[in-house]
$ cat query-v3.cif   # mmCIF, C-alpha atoms
data_coords
loop_
_atom_site.group_PDB
_atom_site.id
_atom_site.type_symbol
_atom_site.label_atom_id
_atom_site.label_comp_id
_atom_site.auth_asym_id
_atom_site.auth_seq_id
_atom_site.Cartn_x
_atom_site.Cartn_y
_atom_site.Cartn_z
ATOM 1 C CA MET Q 408 85.970 54.598 86.174
ATOM 2 C CA ALA Q 409 82.310 55.220 85.513
ATOM 3 C CA TYR Q 410 80.320 56.090 82.429
ATOM 4 C CA GLY Q 411 77.301 58.270 82.649
ATOM 5 C CA ARG Q 412 76.031 61.749 82.104
ATOM 6 C CA TYR Q 413 75.603 65.027 83.936
ATOM 7 C CA VAL Q 414 71.973 65.798 84.727
ATOM 8 C CA MET Q 415 71.062 69.000 86.595
ATOM 9 C CA GLY Q 416 74.715 69.330 87.568
ATOM 10 C CA TYR Q 417 74.860 65.822 89.090
ATOM 11 C CA PHE Q 418 76.926 63.021 87.600
ATOM 12 C CA ILE Q 419 74.743 59.942 87.072
ATOM 13 C CA PRO Q 420 76.640 56.712 86.292
ATOM 14 C CA THR Q 421 74.910 54.555 83.690
ATOM 15 C CA TYR Q 422 74.615 51.542 86.012
ATOM 16 C CA LEU Q 423 72.393 53.644 88.288
ATOM 17 C CA TYR Q 424 69.808 53.849 85.510
ATOM 18 C CA TYR Q 425 69.668 50.076 85.473
ATOM 19 C CA LEU Q 426 69.778 49.577 89.262
ATOM 20 C CA THR Q 427 66.872 51.980 89.794
ATOM 21 C CA GLY Q 428 64.851 50.724 86.821
ATOM 22 C CA CYS Q 429 64.874 54.205 85.302
ATOM 23 C CA ASN Q 430 66.397 52.865 82.075
ATOM 24 C CA LYS Q 431 62.855 52.412 80.714
ATOM 25 C CA ALA Q 432 63.075 55.982 79.451
ATOM 26 C CA MET Q 433 66.304 55.218 77.538
ATOM 27 C CA ILE Q 434 65.961 54.183 73.911
ATOM 28 C CA THR Q 435 66.960 50.541 73.545
ATOM 29 C CA VAL Q 436 68.985 48.770 70.854
ATOM 30 C CA LYS Q 437 65.828 46.886 69.824
ATOM 31 C CA GLN Q 438 63.885 50.133 69.337
ATOM 32 C CA THR Q 439 66.783 51.570 67.288
ATOM 33 C CA ILE Q 440 66.872 48.528 64.977
ATOM 34 C CA ILE Q 441 63.057 48.572 64.558
ATOM 35 C CA SER Q 442 63.352 52.252 63.630
ATOM 36 C CA TRP Q 443 66.022 51.425 61.003
ATOM 37 C CA VAL Q 444 63.759 48.719 59.477
ATOM 38 C CA LEU Q 445 60.949 51.286 59.335
ATOM 39 C CA LEU Q 446 63.213 53.890 57.701
ATOM 40 C CA ILE Q 447 64.410 51.449 55.024
ATOM 41 C CA SER Q 448 60.834 50.254 54.387
ATOM 42 C CA LEU Q 449 59.578 53.838 54.014
ATOM 43 C CA THR Q 450 62.454 54.637 51.620
ATOM 44 C CA LEU Q 451 61.574 51.625 49.459
ATOM 45 C CA ALA Q 452 57.883 52.580 49.654
ATOM 46 C CA SER Q 453 58.601 56.062 48.259
ATOM 47 C CA VAL Q 454 60.666 54.590 45.386
ATOM 48 C CA TYR Q 455 57.876 52.065 44.701
ATOM 49 C CA ALA Q 456 55.310 54.886 44.707
ATOM 50 C CA ASP Q 457 57.463 56.677 42.119
ATOM 51 C CA GLN Q 458 57.306 53.588 39.880
ATOM 52 C CA VAL Q 459 53.573 52.828 40.151
ATOM 53 C CA MET Q 460 51.859 56.153 40.829
ATOM 54 C CA GLU Q 461 51.268 59.044 38.485
ATOM 55 C CA ASN Q 462 52.887 62.360 39.327
ATOM 56 C CA ASN Q 463 49.779 63.890 40.861
ATOM 57 C CA VAL Q 464 48.698 65.523 44.133
ATOM 58 C CA LEU Q 465 48.196 62.189 45.918
ATOM 59 C CA PHE Q 466 51.692 61.028 44.910
ATOM 60 C CA ILE Q 467 53.372 64.238 46.114
ATOM 61 C CA MET Q 468 51.452 64.147 49.395
ATOM 62 C CA SER Q 469 52.299 60.456 49.959
ATOM 63 C CA VAL Q 470 56.027 61.013 49.355
ATOM 64 C CA LEU Q 471 56.088 64.063 51.641
ATOM 65 C CA LEU Q 472 54.165 62.173 54.347
ATOM 66 C CA ILE Q 473 56.893 59.514 54.141
ATOM 67 C CA VAL Q 474 59.502 62.293 54.562
ATOM 68 C CA PHE Q 475 57.760 63.415 57.767
ATOM 69 C CA LEU Q 476 57.523 59.856 59.146
ATOM 70 C CA LYS Q 477 61.210 59.250 58.429
ATOM 71 C CA GLY Q 478 62.185 62.582 59.973
ATOM 72 C CA GLN Q 479 60.163 61.731 63.080
ATOM 73 C CA GLN Q 480 61.970 58.393 63.474
ATOM 74 C CA ILE Q 481 65.402 60.015 63.104
ATOM 75 C CA THR Q 482 64.486 62.794 65.563
ATOM 76 C CA ASP Q 483 62.882 60.607 68.227
ATOM 77 C CA ILE Q 484 64.923 57.411 68.058
ATOM 78 C CA PHE Q 485 68.300 58.077 66.397
ATOM 79 C CA MET Q 486 68.782 61.556 67.908
ATOM 80 C CA GLU Q 487 67.133 60.384 71.167
ATOM 81 C CA LEU Q 488 65.058 63.569 71.313
ATOM 82 C CA ARG Q 489 62.015 61.584 72.497
ATOM 83 C CA GLU Q 490 63.682 61.656 75.921
ATOM 84 C CA ALA Q 491 64.945 65.240 75.597
ATOM 85 C CA PRO Q 492 63.292 68.484 76.758
ATOM 86 C CA LYS Q 493 60.001 69.009 74.909
ATOM 87 C CA MET Q 494 61.072 72.289 73.294
ATOM 88 C CA TRP Q 495 64.003 70.717 71.420
ATOM 89 C CA ARG Q 496 61.941 67.734 70.315
ATOM 90 C CA MET Q 497 59.199 70.051 69.044
ATOM 91 C CA LEU Q 498 61.747 72.245 67.216
ATOM 92 C CA LEU Q 499 63.152 69.304 65.251
ATOM 93 C CA LEU Q 500 59.735 67.692 64.670
ATOM 94 C CA SER Q 501 58.300 70.995 63.439
ATOM 95 C CA TYR Q 502 61.182 71.207 60.932
ATOM 96 C CA VAL Q 503 60.370 67.805 59.412
ATOM 97 C CA LEU Q 504 56.686 68.779 59.344
ATOM 98 C CA ILE Q 505 56.906 72.380 58.104
ATOM 99 C CA ILE Q 506 59.421 71.751 55.285
ATOM 100 C CA PRO Q 507 57.289 69.000 53.595
ATOM 101 C CA VAL Q 508 54.126 71.112 54.097
ATOM 102 C CA VAL Q 509 55.790 74.176 52.495
ATOM 103 C CA ILE Q 510 57.168 72.072 49.602
ATOM 104 C CA CYS Q 511 53.728 70.479 49.102
ATOM 105 C CA THR Q 512 52.066 73.912 49.074
ATOM 106 C CA ILE Q 513 54.563 75.201 46.481
ATOM 107 C CA TYR Q 514 53.925 72.177 44.212
ATOM 108 C CA LEU Q 515 50.158 72.554 44.539
ATOM 109 C CA LEU Q 516 50.096 76.281 43.766
ATOM 110 C CA MET C 117 59.871 81.126 113.004
ATOM 111 C CA ASN C 118 57.915 77.983 113.885
ATOM 112 C CA ASN C 119 58.858 74.443 112.972
ATOM 113 C CA SER C 120 56.327 74.072 110.141
ATOM 114 C CA SER C 121 57.568 77.154 108.264
ATOM 115 C CA LEU C 122 61.178 76.025 108.745
ATOM 116 C CA SER C 123 60.435 72.608 107.264
ATOM 117 C CA ALA C 124 58.573 74.291 104.386
ATOM 118 C CA ILE C 125 61.680 76.379 103.604
ATOM 119 C CA ARG C 126 63.881 73.267 103.868
ATOM 120 C CA GLY C 127 61.524 71.480 101.482
ATOM 121 C CA GLN C 128 61.985 74.219 98.900
ATOM 122 C CA PHE C 129 65.771 73.955 98.934
ATOM 123 C CA SER C 130 66.206 70.224 99.499
ATOM 124 C CA ALA C 131 68.409 68.327 97.057
ATOM 125 C CA PRO C 132 66.502 66.394 94.368
ATOM 126 C CA LYS C 133 66.087 62.666 94.904
ATOM 127 C CA VAL C 134 68.105 60.258 92.727
ATOM 128 C CA ASN C 135 65.021 59.169 90.780
ATOM 129 C CA GLU C 136 64.063 62.806 90.125
ATOM 130 C CA ILE C 137 67.534 63.499 88.710
ATOM 131 C CA ILE C 138 67.595 60.354 86.580
ATOM 132 C CA ASN C 139 64.102 60.915 85.209
ATOM 133 C CA ASP C 140 64.911 64.514 84.277
ATOM 134 C CA LYS C 141 64.859 64.859 80.503
ATOM 135 C CA LYS C 142 68.238 65.895 79.150
ATOM 136 C CA LEU C 143 69.289 67.099 75.721
ATOM 137 C CA PRO C 144 71.843 64.627 74.301
ATOM 138 C CA GLY C 145 75.161 66.337 73.603
ATOM 139 C CA ASP C 146 76.188 69.960 74.030
ATOM 140 C CA LEU C 147 73.735 72.834 73.682
ATOM 141 C CA ALA C 148 76.149 74.653 71.320
ATOM 142 C CA MET C 149 76.006 71.708 68.892
ATOM 143 C CA TRP C 150 72.200 71.889 68.823
ATOM 144 C CA PHE C 151 72.288 75.578 67.944
ATOM 145 C CA PHE C 152 74.781 74.720 65.175
ATOM 146 C CA ILE C 153 72.422 71.956 63.972
ATOM 147 C CA LEU C 154 69.497 74.426 63.905
ATOM 148 C CA ALA C 155 71.600 76.893 61.881
ATOM 149 C CA GLU C 156 72.528 74.158 59.375
ATOM 150 C CA LEU C 157 68.903 73.044 59.079
ATOM 151 C CA THR C 158 67.847 76.639 58.362
ATOM 152 C CA VAL C 159 70.395 76.988 55.541
ATOM 153 C CA PHE C 160 69.189 73.741 53.958
ATOM 154 C CA ALA C 161 65.527 74.815 54.407
ATOM 155 C CA ILE C 162 66.268 77.803 52.147
ATOM 156 C CA PHE C 163 67.808 75.447 49.553
ATOM 157 C CA PHE C 164 64.811 73.072 49.694
ATOM 158 C CA ILE C 165 62.269 75.857 49.287
ATOM 159 C CA GLY C 166 64.366 77.524 46.564
ATOM 160 C CA PHE C 167 64.548 74.231 44.661
ATOM 161 C CA ALA C 168 60.769 73.684 44.905
ATOM 162 C CA VAL C 169 60.035 77.245 43.732
ATOM 163 C CA ALA C 170 62.508 76.915 40.813
ATOM 164 C CA GLU C 171 60.846 73.620 39.836
ATOM 165 C CA GLN C 172 57.412 75.254 39.774
ATOM 166 C CA LEU C 173 58.759 78.038 37.553
ATOM 167 C CA ASN C 174 60.534 75.626 35.133
ATOM 168 C CA THR C 175 58.470 72.411 35.367
ATOM 169 C CA GLU C 176 59.298 71.093 31.860
ATOM 170 C CA MET C 177 63.049 71.615 32.245
ATOM 171 C CA PHE C 178 63.123 70.037 35.717
ATOM 172 C CA VAL C 179 61.206 66.929 34.537
ATOM 173 C CA THR C 180 63.563 66.319 31.575
ATOM 174 C CA SER C 181 66.662 67.028 33.689
ATOM 175 C CA LYS C 182 65.541 64.743 36.533
ATOM 176 C CA ALA C 183 65.184 61.919 34.005
ATOM 177 C CA LYS C 184 68.970 62.100 33.466
ATOM 178 C CA LEU C 185 69.656 61.320 37.141
ATOM 179 C CA HIS C 186 70.208 57.823 38.460
ATOM 180 C CA PRO C 187 67.399 57.094 40.977
ATOM 181 C CA ILE C 188 69.125 53.833 42.014
ATOM 182 C CA ALA C 189 72.248 55.827 42.989
ATOM 183 C CA GLY C 190 70.023 58.061 45.122
ATOM 184 C CA LEU C 191 68.399 54.996 46.697
ATOM 185 C CA ILE C 192 71.785 53.393 47.484
ATOM 186 C CA ASN C 193 72.921 56.656 49.094
ATOM 187 C CA THR C 194 69.749 56.870 51.191
ATOM 188 C CA ILE C 195 70.161 53.290 52.431
ATOM 189 C CA ALA C 196 73.875 53.910 53.104
ATOM 190 C CA LEU C 197 73.257 57.049 55.172
ATOM 191 C CA ILE C 198 70.338 55.552 57.146
ATOM 192 C CA THR C 199 72.375 52.407 57.896
ATOM 193 C CA SER C 200 75.415 54.473 58.848
ATOM 194 C CA SER C 201 73.175 56.479 61.187
ATOM 195 C CA LEU C 202 71.917 53.220 62.731
ATOM 196 C CA PHE C 203 75.468 52.168 63.604
ATOM 197 C CA VAL C 204 76.229 55.611 65.066
ATOM 198 C CA ALA C 205 73.060 55.355 67.214
ATOM 199 C CA LEU C 206 74.095 51.853 68.351
ATOM 200 C CA SER C 207 77.568 53.200 69.106
ATOM 201 C CA VAL C 208 75.996 55.822 71.417
ATOM 202 C CA ARG C 209 73.937 53.090 73.153
ATOM 203 C CA ALA C 210 77.197 51.126 73.680
ATOM 204 C CA ILE C 211 79.095 54.105 75.150
ATOM 205 C CA HIS C 212 76.134 54.705 77.503
ATOM 206 C CA LEU C 213 76.913 51.279 78.944
ATOM 207 C CA GLY C 214 80.649 51.936 79.080
ATOM 208 C CA LYS C 215 81.390 49.447 76.295
ATOM 209 C CA VAL C 216 84.076 51.565 74.624
ATOM 210 C CA LYS C 217 85.467 48.813 72.384
ATOM 211 C CA ASP C 218 82.020 47.889 71.039
ATOM 212 C CA SER C 219 81.254 51.552 70.563
ATOM 213 C CA LEU C 220 84.437 52.093 68.525
ATOM 214 C CA HIS C 221 83.781 49.032 66.358
ATOM 215 C CA LEU C 222 80.270 50.297 65.597
ATOM 216 C CA LEU C 223 81.639 53.739 64.781
ATOM 217 C CA VAL C 224 84.174 52.266 62.321
ATOM 218 C CA ILE C 225 81.383 50.238 60.619
ATOM 219 C CA SER C 226 79.285 53.407 60.323
ATOM 220 C CA GLN C 227 82.177 55.240 58.656
ATOM 221 C CA LEU C 228 82.817 52.398 56.209
ATOM 222 C CA ILE C 229 79.133 52.501 55.199
ATOM 223 C CA ALA C 230 79.367 56.291 54.851
ATOM 224 C CA CYS C 231 82.201 55.697 52.346
ATOM 225 C CA VAL C 232 79.613 53.932 50.126
ATOM 226 C CA TYR C 233 77.762 57.258 49.945
ATOM 227 C CA LEU C 234 80.968 59.114 49.002
ATOM 228 C CA VAL C 235 81.894 56.602 46.272
ATOM 229 C CA VAL C 236 78.380 56.552 44.765
ATOM 230 C CA LYS C 237 78.114 60.350 44.829
ATOM 231 C CA VAL C 238 81.504 60.801 43.114
ATOM 232 C CA TRP C 239 80.501 58.160 40.533
ATOM 233 C CA GLU C 240 77.220 60.017 39.975
ATOM 234 C CA TYR C 241 79.044 63.319 39.382
ATOM 235 C CA GLN C 242 81.465 61.630 36.974
ATOM 236 C CA PHE C 243 78.563 59.988 35.147
ATOM 237 C CA LEU C 244 76.873 63.377 34.642
ATOM 238 C CA PHE C 245 80.159 65.003 33.553
ATOM 239 C CA SER C 246 80.634 62.206 31.005
ATOM 240 C CA LEU C 247 77.233 63.135 29.536
ATOM 241 C CA GLY C 248 78.505 66.695 29.143
ATOM 242 C CA ILE C 249 76.336 67.921 32.021
ATOM 243 C CA GLY C 250 77.848 70.498 34.364
ATOM 244 C CA ILE C 251 76.871 73.128 36.887
ATOM 245 C CA GLU C 252 76.031 75.638 34.119
ATOM 246 C CA THR C 253 73.888 73.307 31.974
ATOM 247 C CA ASN C 254 70.581 74.660 33.316
ATOM 248 C CA THR C 255 68.863 75.853 36.530
ATOM 249 C CA PHE C 256 68.086 72.288 37.629
ATOM 250 C CA PHE C 257 71.700 71.133 37.425
ATOM 251 C CA THR C 258 72.995 74.369 39.010
ATOM 252 C CA LEU C 259 70.762 73.678 42.017
ATOM 253 C CA TYR C 260 71.442 69.923 41.886
ATOM 254 C CA PHE C 261 75.228 70.364 42.051
ATOM 255 C CA LEU C 262 74.999 73.206 44.575
ATOM 256 C CA ILE C 263 72.713 71.398 47.050
ATOM 257 C CA THR C 264 74.144 67.884 46.717
ATOM 258 C CA PHE C 265 77.769 69.075 46.855
ATOM 259 C CA PHE C 266 76.979 71.213 49.910
ATOM 260 C CA HIS C 267 75.470 68.113 51.506
ATOM 261 C CA PHE C 268 78.497 66.052 50.385
ATOM 262 C CA MET C 269 80.758 68.515 52.251
ATOM 263 C CA HIS C 270 78.590 68.064 55.350
ATOM 264 C CA VAL C 271 78.999 64.289 55.105
ATOM 265 C CA LEU C 272 82.798 64.790 54.957
ATOM 266 C CA LEU C 273 82.663 67.134 57.965
ATOM 267 C CA GLY C 274 80.502 64.602 59.838
ATOM 268 C CA MET C 275 83.062 61.883 59.102
ATOM 269 C CA VAL C 276 85.893 64.081 60.399
ATOM 270 C CA ILE C 277 83.885 64.854 63.572
ATOM 271 C CA LEU C 278 83.115 61.160 64.162
ATOM 272 C CA THR C 279 86.766 60.203 63.563
ATOM 273 C CA LEU C 280 87.855 62.723 66.213
ATOM 274 C CA VAL C 281 85.093 61.471 68.538
ATOM 275 C CA GLY C 282 86.329 57.900 68.031
ATOM 276 C CA LEU C 283 89.959 58.876 68.756
ATOM 277 C CA ASN C 284 88.858 60.716 71.924
ATOM 278 C CA ALA C 285 86.796 57.708 73.037
ATOM 279 C CA LYS C 286 89.864 55.507 72.569
ATOM 280 C CA LYS C 287 91.881 57.890 74.775
ATOM 281 C CA GLY C 288 89.175 57.674 77.449
ATOM 282 C CA VAL C 289 88.068 61.308 77.126
ATOM 283 C CA TYR C 290 84.395 60.344 77.568
ATOM 284 C CA GLU C 291 84.883 58.292 80.726
ATOM 285 C CA ASN C 292 83.132 60.873 82.878
ATOM 286 C CA ASP C 293 80.997 62.727 80.384
ATOM 287 C CA ILE C 294 79.733 61.426 77.058
ATOM 288 C CA SER C 295 78.284 64.767 75.869
ATOM 289 C CA GLY C 296 81.007 65.169 73.232
ATOM 290 C CA PHE C 297 80.258 61.729 71.842
ATOM 291 C CA GLU C 298 76.519 62.470 71.721
ATOM 292 C CA SER C 299 77.176 65.826 69.997
ATOM 293 C CA GLY C 300 79.131 64.167 67.175
ATOM 294 C CA ALA C 301 76.422 61.527 66.771
ATOM 295 C CA SER C 302 73.659 64.169 66.677
ATOM 296 C CA TYR C 303 75.484 66.030 63.897
ATOM 297 C CA TRP C 304 75.691 62.814 61.887
ATOM 298 C CA HIS C 305 71.958 62.151 62.346
ATOM 299 C CA MET C 306 71.268 65.688 61.103
ATOM 300 C CA VAL C 307 73.269 64.977 57.920
ATOM 301 C CA ASP C 308 71.164 61.823 57.476
ATOM 302 C CA MET C 309 67.911 63.722 58.086
ATOM 303 C CA LEU C 310 68.820 66.333 55.455
ATOM 304 C CA TRP C 311 69.368 63.591 52.869
ATOM 305 C CA VAL C 312 65.996 62.052 53.794
ATOM 306 C CA ILE C 313 64.393 65.332 52.606
ATOM 307 C CA LEU C 314 66.834 65.878 49.715
ATOM 308 C CA PHE C 315 66.398 62.454 48.110
ATOM 309 C CA PRO C 316 62.638 62.627 47.345
ATOM 310 C CA LEU C 317 62.848 66.327 46.477
ATOM 311 C CA ILE C 318 65.551 65.887 43.826
ATOM 312 C CA TYR C 319 65.081 62.300 42.618
ATOM 313 C CA ILE C 320 61.436 61.344 43.175
ATOM 314 C CA ILE C 321 58.877 64.161 43.117
#

$ encode --input "query-v3.cif" --output "structure tokens"
Amino acid sequence: MAYGRYVMGYFIPTYLYYLTGCNKAMITVKQTIISWVLLISLTLASVYADQVMENNVLFIMSVLLIVFLKGQQITDIFMELREAPKMWRMLLLSYVLIIPVVICTIYLL
Amino acid sequence: MNNSSLSAIRGQFSAPKVNEIINDKKLPGDLAMWFFILAELTVFAIFFIGFAVAEQLNTEMFVTSKAKLHPIAGLINTIALITSSLFVALSVRAIHLGKVKDSLHLLVISQLIACVYLVVKVWEYQFLFSLGIGIETNTFFTLYFLITFFHFMHVLLGMVILTLVGLNAKKGVYENDISGFESGASYWHMVDMLWVILFPLIYII
């Protein structure tokens, strides 16, 4: 019984990642927890900004920047796309970049 | 054909080395799931842009309507979904190492936290209904109920997918290939990511 994944048609058991030292590319539990702390902190920061800042351009841009940063963390760390083919990572990252930029543009028009 | 050209041809067709295979970047989960995720993201993109345009056209009405929402409920839901996503991500890390029991425990915790979102969202809807606010009150609430309920349905679907993934893991379906497990987890992270955009758009800005 072995756990692992198919890569290029070859079955790679998980222990092989560790034996060969190639697990460096894998996202660790520590990185995942750090990412969660960052996501919670950014969420609280956007709520705090809502309380202290006026509803102006700077406020909208700050909140949408936070949306991008949170989206990047979810894409790269939670979804593990940091270690995925570049095209898929770029597709998801462009989504969390383009949507806030479009929303910001609409609000500023 | 001389020896050098023969070895050159062999070199072209030689099997990749173990390190080359391991270091190859692979998309977590099934490709079909990623196309489904992209389709879902596109649908929500239309909702997000539509909401922003409607807000620009009816600024006064949107500001007064937003004031009737409970920002704390939105915050609790954001924290619940992000934390639930954390446990799903940890569950994937555990299954990578073959720790099925740990993985299942983490998955159950993630689903219990997701229930917090469901309870708060239902409470929020009931609170608005008690104020006499419904889907036909104005444009803001039409879009609010439409987008948040659509997202709510996605959370329910994500929970069903993760329950099936958990049952399959218990049966040992992922012993040789964890793609199915990763697909379910990726869908759940997408649901979380959509809320990360939805929350500031509806409650904060």

$ resolve_selection --input "query-v3.cif" --expression "the PyMOL selection byres ((chain C) within 6 of (chain Q))" --output "VMD selection string"
chain C and resid 141 to 143 205 214 291 to 293 302

$ write_last_selection --input "query-v3.cif" --atoms "C-alpha atoms" --output "PDB file, in the frame of the given file"
ATOM      1  CA  LYS C 141      64.859  64.859  80.503  1.00  0.00           C
ATOM      2  CA  LYS C 142      68.238  65.895  79.150  1.00  0.00           C
ATOM      3  CA  LEU C 143      69.289  67.099  75.721  1.00  0.00           C
ATOM      4  CA  ALA C 205      73.060  55.355  67.214  1.00  0.00           C
ATOM      5  CA  GLY C 214      80.649  51.936  79.080  1.00  0.00           C
ATOM      6  CA  GLU C 291      84.883  58.292  80.726  1.00  0.00           C
ATOM      7  CA  ASN C 292      83.132  60.873  82.878  1.00  0.00           C
ATOM      8  CA  ASP C 293      80.997  62.727  80.384  1.00  0.00           C
ATOM      9  CA  SER C 302      73.659  64.169  66.677  1.00  0.00           C
TER      10      SER C 302
END

$ residues_around --input "query-v3.cif" --residues "Leu314 in chain C" --least-positions-apart "6" --cutoff "12 Å" --atoms "only C-alpha atoms" --output "number ranges by chain"
Q: 470-471, 474, 478, 503, 506-507, 510; C: 157, 160-161, 163-165, 167-168, 190-191, 193-194, 259-260, 263-268, 307-308, 320-321

$ atom_distance --input "query-v3.cif" --atom1 "CA of Phe203 in chain C" --atom2 "CA of Met309 in chain C"
14.9 Å

$ resolve_selection --input "query-v3.cif" --expression "the PyMOL selection byres ((chain C and resi 273) around 12)" --output "PyMOL selection string"
chain C and resi 227+230+266-272+274-280+300+303-304+306-307

$ resolve_selection --input "query-v3.cif" --expression "the PyMOL selection byres ((chain C and resi 228) around 12)" --output "ChimeraX atom specification"
/C:196-197,199-201,203-204,221-227,229-235,275,278-279

$ atom_distance --input "query-v3.cif" --atom1 "CA of Thr158 in chain C" --atom2 "CA of Trp311 in chain C"
14.2 Å

$ closest_residue --input "query-v3.cif" --among "C:Ile211, C:Leu202, C:Leu310, C:Ile188" --to "Gln438 in chain Q" --atoms "all atoms listed in the file"
C:Leu202

$ atom_distance --input "query-v3.cif" --atom1 "CA of Gly296 in chain C" --atom2 "CA of Ile162 in chain C"
28.7 Å

$ closest_residue --input "query-v3.cif" --among "C:Ala183, C:Val281, C:Ala148, C:Ile195" --to "Leu244 in chain C" --atoms "all atoms listed in the file"
C:Ala183

$ axis_aligned_box --input "query-v3.cif" --around "range 229-237 of chain C" --padding-each-side "4 Å" --output "lines of an AutoDock Vina configuration file"
center_x = 80.0
center_y = 56.4
center_z = 50.0
size_x = 12.4
size_y = 15.8
size_z = 18.4
